[in-house]
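The file entry20.pdb comes next; it holds PDB, C-alpha atoms, pLDDT in the B column.
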```
ATOM      1  CA  MET A   1      29.955   3.724   4.855  1.00 31.00           C
ATOM      2  CA  SER A   2      26.673   5.466   5.500  1.00 35.00           C
ATOM      3  CA  LEU A   3      25.576   8.504   3.521  1.00 37.00           C
ATOM      4  CA  ALA A   4      23.067   9.784   6.084  1.00 44.00           C
ATOM      5  CA  PRO A   5      23.263  11.765   8.150  1.00 46.00           C
ATOM      6  CA  ARG A   6      26.183  13.769   6.826  1.00 49.00           C
ATOM      7  CA  THR A   7      27.213  17.412   6.805  1.00 55.00           C
ATOM      8  CA  VAL A   8      28.275  18.876   3.469  1.00 52.00           C
ATOM      9  CA  CYS A   9      31.445  20.906   3.911  1.00 52.00           C
ATOM     10  CA  ALA A  10      32.444  21.661   0.300  1.00 55.00           C
ATOM     11  CA  SER A  11      31.388  21.209  -3.292  1.00 56.00           C
ATOM     12  CA  ASN A  12      33.082  21.309  -6.676  1.00 53.00           C
ATOM     13  CA  GLY A  13      29.902  22.382  -8.441  1.00 54.00           C
ATOM     14  CA  GLY A  14      28.366  18.926  -8.624  1.00 56.00           C
ATOM     15  CA  ASP A  15      30.081  16.464  -6.303  1.00 65.00           C
ATOM     16  CA  GLU A  16      29.887  17.064  -2.560  1.00 73.00           C
ATOM     17  CA  PHE A  17      32.513  16.624   0.146  1.00 75.00           C
ATOM     18  CA  ALA A  18      30.799  15.698   3.396  1.00 79.00           C
ATOM     19  CA  VAL A  19      31.650  14.873   6.991  1.00 80.00           C
ATOM     20  CA  ASP A  20      30.352  11.361   7.678  1.00 77.00           C
ATOM     21  CA  LEU A  21      28.412  11.285  10.967  1.00 76.00           C
ATOM     22  CA  THR A  22      27.331   7.638  10.751  1.00 71.00           C
ATOM     23  CA  PRO A  23      30.324   5.679   9.411  1.00 70.00           C
ATOM     24  CA  GLY A  24      30.260   1.968   8.772  1.00 68.00           C
ATOM     25  CA  PRO A  25      32.189  -0.563  10.881  1.00 68.00           C
ATOM     26  CA  ALA A  26      35.428   0.091   8.994  1.00 68.00           C
ATOM     27  CA  GLY A  27      35.082   3.894   9.034  1.00 73.00           C
ATOM     28  CA  TYR A  28      35.652   6.754  11.445  1.00 74.00           C
ATOM     29  CA  PHE A  29      33.237   9.312  12.877  1.00 82.00           C
ATOM     30  CA  GLY A  30      34.023  12.611  11.170  1.00 80.00           C
ATOM     31  CA  GLN A  31      35.792  11.121   8.160  1.00 81.00           C
ATOM     32  CA  VAL A  32      35.396  13.105   4.936  1.00 81.00           C
ATOM     33  CA  ILE A  33      33.699  11.410   2.014  1.00 77.00           C
ATOM     34  CA  LEU A  34      33.102  12.423  -1.589  1.00 76.00           C
ATOM     35  CA  VAL A  35      29.564  11.920  -2.923  1.00 70.00           C
ATOM     36  CA  ASP A  36      29.775  11.778  -6.718  1.00 65.00           C
ATOM     37  CA  HIS A  37      26.721  13.243  -8.499  1.00 53.00           C
ATOM     38  CA  ASP A  38      27.218  10.726 -11.341  1.00 54.00           C
ATOM     39  CA  GLN A  39      26.756   7.760  -8.998  1.00 55.00           C
ATOM     40  CA  SER A  40      23.488   6.598  -7.451  1.00 50.00           C
ATOM     41  CA  LEU A  41      25.035   4.779  -4.494  1.00 53.00           C
ATOM     42  CA  GLY A  42      28.133   4.778  -2.347  1.00 58.00           C
ATOM     43  CA  ALA A  43      30.813   7.362  -1.697  1.00 67.00           C
ATOM     44  CA  ASP A  44      34.597   7.593  -1.658  1.00 74.00           C
ATOM     45  CA  LEU A  45      36.692   8.089   1.473  1.00 77.00           C
ATOM     46  CA  VAL A  46      38.766  11.243   0.989  1.00 78.00           C
ATOM     47  CA  ALA A  47      40.341  12.020   4.384  1.00 80.00           C
ATOM     48  CA  ASP A  48      40.279  10.649   7.922  1.00 81.00           C
ATOM     49  CA  SER A  49      39.055  13.954   9.372  1.00 81.00           C
ATOM     50  CA  LEU A  50      38.076  17.485   8.431  1.00 76.00           C
ATOM     51  CA  THR A  51      41.459  18.712   9.680  1.00 78.00           C
ATOM     52  CA  GLU A  52      43.272  16.294   7.379  1.00 76.00           C
ATOM     53  CA  PHE A  53      41.034  17.397   4.503  1.00 72.00           C
ATOM     54  CA  VAL A  54      41.692  21.130   5.081  1.00 73.00           C
ATOM     55  CA  LEU A  55      45.434  20.516   5.304  1.00 70.00           C
ATOM     56  CA  GLY A  56      45.327  18.613   2.020  1.00 70.00           C
ATOM     57  CA  ARG A  57      46.291  15.292   3.573  1.00 67.00           C
ATOM     58  CA  MET A  58      44.251  13.112   1.271  1.00 66.00           C
ATOM     59  CA  ARG A  59      44.145   9.349   1.603  1.00 62.00           C
ATOM     60  CA  GLU A  60      46.750   7.802  -0.709  1.00 57.00           C
ATOM     61  CA  GLU A  61      44.277   5.392  -2.270  1.00 50.00           C
ATOM     62  CA  VAL A  62      42.056   8.352  -3.207  1.00 50.00           C
ATOM     63  CA  ARG A  63      44.657  10.257  -5.203  1.00 44.00           C
ATOM     64  CA  GLY A  64      44.097   7.937  -8.158  1.00 46.00           C
ATOM     65  CA  ARG A  65      40.368   7.717  -7.451  1.00 49.00           C
ATOM     66  CA  ARG A  66      38.473   5.593  -9.985  1.00 48.00           C
ATOM     67  CA  GLY A  67      41.532   5.388 -12.196  1.00 47.00           C
ATOM     68  CA  ASP A  68      41.167   1.631 -12.516  1.00 50.00           C
ATOM     69  CA  LYS A  69      37.971   1.168 -10.499  1.00 57.00           C
ATOM     70  CA  LEU A  70      34.870   0.077 -12.374  1.00 66.00           C
ATOM     71  CA  PRO A  71      31.736   1.984 -11.319  1.00 73.00           C
ATOM     72  CA  ALA A  72      29.146   0.043  -9.331  1.00 83.00           C
ATOM     73  CA  ALA A  73      26.321   2.033 -10.941  1.00 86.00           C
ATOM     74  CA  ALA A  74      25.709   2.938 -14.572  1.00 88.00           C
ATOM     75  CA  ARG A  75      23.088   4.959 -16.404  1.00 88.00           C
ATOM     76  CA  VAL A  76      22.159   4.325 -20.016  1.00 91.00           C
ATOM     77  CA  SER A  77      20.160   7.128 -21.619  1.00 87.00           C
ATOM     78  CA  THR A  78      20.381  10.126 -23.904  1.00 81.00           C
ATOM     79  CA  GLY A  79      23.382  12.128 -22.733  1.00 79.00           C
ATOM     80  CA  CYS A  80      24.893   9.199 -20.778  1.00 82.00           C
ATOM     81  CA  LEU A  81      26.059   5.764 -21.897  1.00 84.00           C
ATOM     82  CA  GLY A  82      24.534   4.815 -25.233  1.00 87.00           C
ATOM     83  CA  THR A  83      24.541   1.015 -24.965  1.00 91.00           C
ATOM     84  CA  ILE A  84      23.973  -1.674 -22.341  1.00 94.00           C
ATOM     85  CA  HIS A  85      27.226  -3.263 -23.451  1.00 92.00           C
ATOM     86  CA  ALA A  86      29.122  -0.143 -22.379  1.00 89.00           C
ATOM     87  CA  ALA A  87      27.681  -0.494 -18.869  1.00 89.00           C
ATOM     88  CA  ALA A  88      28.307  -4.228 -18.502  1.00 91.00           C
ATOM     89  CA  HIS A  89      31.146  -5.397 -16.255  1.00 90.00           C
ATOM     90  CA  PRO A  90      31.404  -7.852 -13.329  1.00 90.00           C
ATOM     91  CA  ALA A  91      31.365  -5.108 -10.658  1.00 88.00           C
ATOM     92  CA  LEU A  92      28.090  -3.560 -11.859  1.00 90.00           C
ATOM     93  CA  GLU A  93      25.433  -3.423  -9.109  1.00 90.00           C
ATOM     94  CA  VAL A  94      22.924  -0.836 -10.337  1.00 91.00           C
ATOM     95  CA  LEU A  95      21.737  -0.337 -13.918  1.00 93.00           C
ATOM     96  CA  SER A  96      19.444   2.571 -14.720  1.00 92.00           C
ATOM     97  CA  ILE A  97      17.911   3.035 -18.180  1.00 94.00           C
ATOM     98  CA  GLY A  98      16.548   6.535 -18.635  1.00 90.00           C
ATOM     99  CA  ALA A  99      14.795   8.448 -21.384  1.00 87.00           C
ATOM    100  CA  TRP A 100      15.706   7.049 -24.786  1.00 87.00           C
ATOM    101  CA  ASP A 101      14.372   7.826 -28.280  1.00 88.00           C
ATOM    102  CA  GLY A 102      16.217   5.073 -30.119  1.00 89.00           C
ATOM    103  CA  THR A 103      15.768   1.324 -30.448  1.00 93.00           C
ATOM    104  CA  PRO A 104      14.827  -0.376 -27.146  1.00 95.00           C
ATOM    105  CA  PHE A 105      17.665  -2.125 -25.353  1.00 96.00           C
ATOM    106  CA  SER A 106      18.398  -5.815 -24.913  1.00 96.00           C
ATOM    107  CA  LEU A 107      19.519  -6.841 -21.428  1.00 96.00           C
ATOM    108  CA  ALA A 108      21.602  -9.712 -22.826  1.00 95.00           C
ATOM    109  CA  PRO A 109      24.970  -7.985 -22.124  1.00 95.00           C
ATOM    110  CA  VAL A 110      24.228  -7.880 -18.367  1.00 95.00           C
ATOM    111  CA  ALA A 111      22.581 -11.303 -18.035  1.00 94.00           C
ATOM    112  CA  GLY A 112      24.237 -13.350 -15.317  1.00 89.00           C
ATOM    113  CA  LEU A 113      26.379 -10.534 -13.888  1.00 92.00           C
ATOM    114  CA  PRO A 114      27.137 -11.707 -10.334  1.00 91.00           C
ATOM    115  CA  ARG A 115      26.574  -8.407  -8.483  1.00 91.00           C
ATOM    116  CA  LEU A 116      23.763  -6.778 -10.463  1.00 94.00           C
ATOM    117  CA  ARG A 117      20.953  -6.283  -7.944  1.00 93.00           C
ATOM    118  CA  THR A 118      19.057  -3.194  -9.125  1.00 94.00           C
ATOM    119  CA  LEU A 119      17.425  -2.415 -12.462  1.00 95.00           C
ATOM    120  CA  THR A 120      15.322   0.642 -13.243  1.00 94.00           C
ATOM    121  CA  ALA A 121      14.051   1.247 -16.762  1.00 95.00           C
ATOM    122  CA  MET A 122      11.744   3.823 -18.266  1.00 93.00           C
ATOM    123  CA  PRO A 123       8.649   2.414 -20.008  1.00 93.00           C
ATOM    124  CA  GLY A 124       9.356   1.333 -23.579  1.00 92.00           C
ATOM    125  CA  THR A 125      13.137   1.079 -23.200  1.00 95.00           C
ATOM    126  CA  LEU A 126      13.341  -2.737 -22.938  1.00 96.00           C
ATOM    127  CA  ALA A 127      13.278  -4.742 -26.168  1.00 96.00           C
ATOM    128  CA  ASP A 128      12.169  -7.902 -24.367  1.00 97.00           C
ATOM    129  CA  PRO A 129      11.006  -7.583 -20.733  1.00 96.00           C
ATOM    130  CA  LEU A 130      11.364 -11.352 -20.318  1.00 97.00           C
ATOM    131  CA  GLU A 131      15.146 -10.858 -20.341  1.00 97.00           C
ATOM    132  CA  VAL A 132      14.722  -9.519 -16.801  1.00 97.00           C
ATOM    133  CA  ALA A 133      14.381 -13.157 -15.718  1.00 94.00           C
ATOM    134  CA  GLU A 134      18.028 -13.690 -16.716  1.00 94.00           C
ATOM    135  CA  LEU A 135      19.191 -11.265 -13.999  1.00 94.00           C
ATOM    136  CA  THR A 136      19.579 -13.943 -11.376  1.00 90.00           C
ATOM    137  CA  GLY A 137      20.566 -11.747  -8.407  1.00 92.00           C
ATOM    138  CA  LEU A 138      18.042  -8.948  -8.887  1.00 93.00           C
ATOM    139  CA  GLU A 139      16.731  -7.425  -5.631  1.00 93.00           C
ATOM    140  CA  PHE A 140      15.002  -4.246  -6.852  1.00 94.00           C
ATOM    141  CA  LEU A 141      13.122  -3.805 -10.130  1.00 95.00           C
ATOM    142  CA  GLU A 142      11.392  -0.680 -11.420  1.00 95.00           C
ATOM    143  CA  ILE A 143       9.831  -0.915 -14.898  1.00 95.00           C
ATOM    144  CA  GLY A 144       6.695   0.265 -16.686  1.00 94.00           C
ATOM    145  CA  ALA A 145       3.219  -1.211 -16.295  1.00 93.00           C
ATOM    146  CA  GLN A 146       3.305  -2.927 -19.706  1.00 93.00           C
ATOM    147  CA  GLU A 147       6.667  -4.528 -18.921  1.00 96.00           C
ATOM    148  CA  TRP A 148       5.329  -5.810 -15.593  1.00 96.00           C
ATOM    149  CA  ARG A 149       2.299  -7.192 -17.435  1.00 95.00           C
ATOM    150  CA  VAL A 150       4.585  -9.240 -19.707  1.00 96.00           C
ATOM    151  CA  LEU A 151       6.498 -10.669 -16.735  1.00 97.00           C
ATOM    152  CA  LEU A 152       3.349 -11.502 -14.791  1.00 96.00           C
ATOM    153  CA  ASP A 153       1.622 -13.180 -17.730  1.00 97.00           C
ATOM    154  CA  ALA A 154       4.702 -15.324 -18.359  1.00 96.00           C
ATOM    155  CA  GLY A 155       5.231 -16.173 -14.696  1.00 96.00           C
ATOM    156  CA  ALA A 156       8.694 -14.686 -15.037  1.00 96.00           C
ATOM    157  CA  VAL A 157       8.844 -12.187 -12.167  1.00 96.00           C
ATOM    158  CA  PRO A 158      12.225 -12.781 -10.440  1.00 94.00           C
ATOM    159  CA  ARG A 159      11.614 -14.368  -7.050  1.00 93.00           C
ATOM    160  CA  THR A 160      14.856 -12.851  -5.743  1.00 93.00           C
ATOM    161  CA  LEU A 161      13.187  -9.421  -5.558  1.00 93.00           C
ATOM    162  CA  LYS A 162      13.040  -7.687  -2.193  1.00 91.00           C
ATOM    163  CA  ALA A 163      11.354  -4.537  -3.498  1.00 92.00           C
ATOM    164  CA  ALA A 164       9.611  -3.435  -6.680  1.00 92.00           C
ATOM    165  CA  ALA A 165       8.171  -0.303  -8.260  1.00 93.00           C
ATOM    166  CA  ILE A 166       5.961   0.479 -11.235  1.00 93.00           C
ATOM    167  CA  LYS A 167       7.145   3.383 -13.370  1.00 89.00           C
ATOM    168  CA  VAL A 168       4.035   5.355 -14.285  1.00 83.00           C
ATOM    169  CA  ARG A 169       3.662   8.063 -16.888  1.00 73.00           C
ATOM    170  CA  ASP A 170       0.399   9.797 -17.772  1.00 66.00           C
ATOM    171  CA  GLN A 171      -2.121   7.030 -17.146  1.00 64.00           C
ATOM    172  CA  ASP A 172      -4.993   6.029 -14.893  1.00 67.00           C
ATOM    173  CA  HIS A 173      -3.623   4.907 -11.551  1.00 69.00           C
ATOM    174  CA  LEU A 174      -6.430   2.428 -10.759  1.00 73.00           C
ATOM    175  CA  PRO A 175      -5.138  -0.248 -13.174  1.00 78.00           C
ATOM    176  CA  VAL A 176      -1.662   0.319 -11.713  1.00 87.00           C
ATOM    177  CA  VAL A 177      -2.985  -0.479  -8.237  1.00 89.00           C
ATOM    178  CA  ALA A 178      -4.444  -3.747  -9.568  1.00 90.00           C
ATOM    179  CA  LEU A 179      -1.082  -4.561 -11.126  1.00 92.00           C
ATOM    180  CA  ALA A 180       0.707  -3.809  -7.862  1.00 93.00           C
ATOM    181  CA  ASN A 181      -1.652  -6.152  -6.035  1.00 93.00           C
ATOM    182  CA  GLU A 182      -0.756  -8.948  -8.444  1.00 94.00           C
ATOM    183  CA  ILE A 183       2.906  -8.411  -7.644  1.00 94.00           C
ATOM    184  CA  LEU A 184       2.230  -8.315  -3.891  1.00 94.00           C
ATOM    185  CA  ALA A 185       0.260 -11.551  -4.139  1.00 94.00           C
ATOM    186  CA  LEU A 186       3.356 -13.373  -5.409  1.00 94.00           C
ATOM    187  CA  TRP A 187       4.918 -12.844  -1.985  1.00 93.00           C
ATOM    188  CA  ASP A 188       1.669 -13.229  -0.016  1.00 93.00           C
ATOM    189  CA  ARG A 189       1.839  -9.583   1.008  1.00 91.00           C
ATOM    190  CA  PRO A 190      -1.241  -7.544   2.009  1.00 92.00           C
ATOM    191  CA  LYS A 191      -2.952  -5.939  -0.949  1.00 90.00           C
ATOM    192  CA  ILE A 192      -3.478  -2.230  -1.461  1.00 88.00           C
ATOM    193  CA  VAL A 193      -6.988  -1.343  -0.333  1.00 87.00           C
ATOM    194  CA  GLN A 194      -8.950   0.879  -2.698  1.00 78.00           C
ATOM    195  CA  THR A 195     -11.700   3.169  -1.473  1.00 80.00           C
ATOM    196  CA  LEU A 196     -13.876   4.966  -4.034  1.00 75.00           C
ATOM    197  CA  LEU A 197     -15.742   8.040  -2.893  1.00 77.00           C
ATOM    198  CA  ALA A 198     -18.829   9.274  -4.751  1.00 77.00           C
ATOM    199  CA  VAL A 199     -19.291  12.991  -4.237  1.00 76.00           C
ATOM    200  CA  GLY A 200     -22.299  14.925  -5.474  1.00 72.00           C
ATOM    201  CA  LEU A 201     -21.390  18.308  -6.932  1.00 72.00           C
ATOM    202  CA  GLY A 202     -24.967  19.580  -7.358  1.00 68.00           C
ATOM    203  CA  PRO A 203     -26.839  21.959  -5.031  1.00 73.00           C
ATOM    204  CA  PRO A 204     -28.019  20.509  -1.720  1.00 67.00           C
ATOM    205  CA  ALA A 205     -31.498  19.038  -1.793  1.00 60.00           C
TER     206      ALA A 205
END
```
Represent the supplied structure as structure tokens.
Amino acid sequence: MSLAPRTVCASNGGDEFAVDLTPGPAGYFGQVILVDHDQSLGADLVADSLTEFVLGRMREEVRGRRGDKLPAAARVSTGCLGTIHAAAHPALEVLSIGAWDGTPFSLAPVAGLPRLRTLTAMPGTLADPLEVAELTGLEFLEIGAQEWRVLLDAGAVPRTLKAAAIKVRDQDHLPVVALANEILALWDRPKIVQTLLAVGLGPPA
């Protein structure tokens, strides 16, 4: 089921009900989906059409929505889940670690999960960045520059990655570009070209 493009037709103050204009192979043009603001991917099928939705003819499988369904995405941070263990289950696909003032997290509870393919973590939230290597199906990784440095120095960057990002706070971006080029080199990708401009601010001669 595609989430774009879609036309939002209602909201409950956070979640959005939308008419799906680009459904997947098993869907229908014009079906109504529910986009949950607590989830970072996917949507739930609510009704086969806007007419069915307005008349209250909800899909039977939606009436007990998420009653026994494990979420595919989880966020661990202040105000959300407080432990990695609470997020760990076989259906987990996306793990996001946000702002956290406590002890950094170990990734041991999610090591080897069969469907985990995305990890994003704020700088300083991982107790041991090398545990990333235990996530055998990882396709997207976004961590801080220091965490990337640990992985690169140990030769432990997961080769299953299809995309990567460096989470940057207040720091000079030039070293980050050099770090990104090291990551690109692992896949023989073109490097980022840097151009430095020297501009004189004094009066013209």
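Considering the residues A:Gly56, A:Pro90, A:Gly155, A:Pro104 and counting all atoms listed in the file, A:Ser77 has its shortest atom-to-atom contact with A:Pro104.
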Give the answer as one residue: which of A:Thr22, A:Gln146, A:Thr51, A:Thr103 has the shortest atom-to-atom distance to A:Leu179, using only C-alpha atoms?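 Of A:Thr22, A:Gln146, A:Thr51, A:Thr103, the one nearest A:Leu179 is A:Gln146, counting only C-alpha atoms.
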Hits of the PyMOL selection byres ((chain A and resi 111) around 10) in this structure, as a PyMOL selection string: chain A and resi 88+106-110+112-114+116+131-137
What separation in Å, quoted to one decimal, exists between atom CA of A:Glu93 and atom CA of A:Leu161?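 These atoms are spaced 14.1 Å apart.
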Do you know which residues the PyMOL selection byres ((chain A and resi 159) around 9) returns on this file, as a VMD selection string? chain A and resid 138 to 139 156 to 158 160 to 162 186 to 187
Distance criterion (all atoms listed in the file): nearest to A:Arg149 out of A:Gly82, A:Ala127, A:Leu174, A:Ala180: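 When distances to A:Arg149 are compared using all atoms listed in the file, the smallest one comes from A:Ala180.
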For the atom pair atom CA of A:Val46 and atom CA of A:Pro23, what is the interatomic distance in Å to one decimal place? 13.2 Å
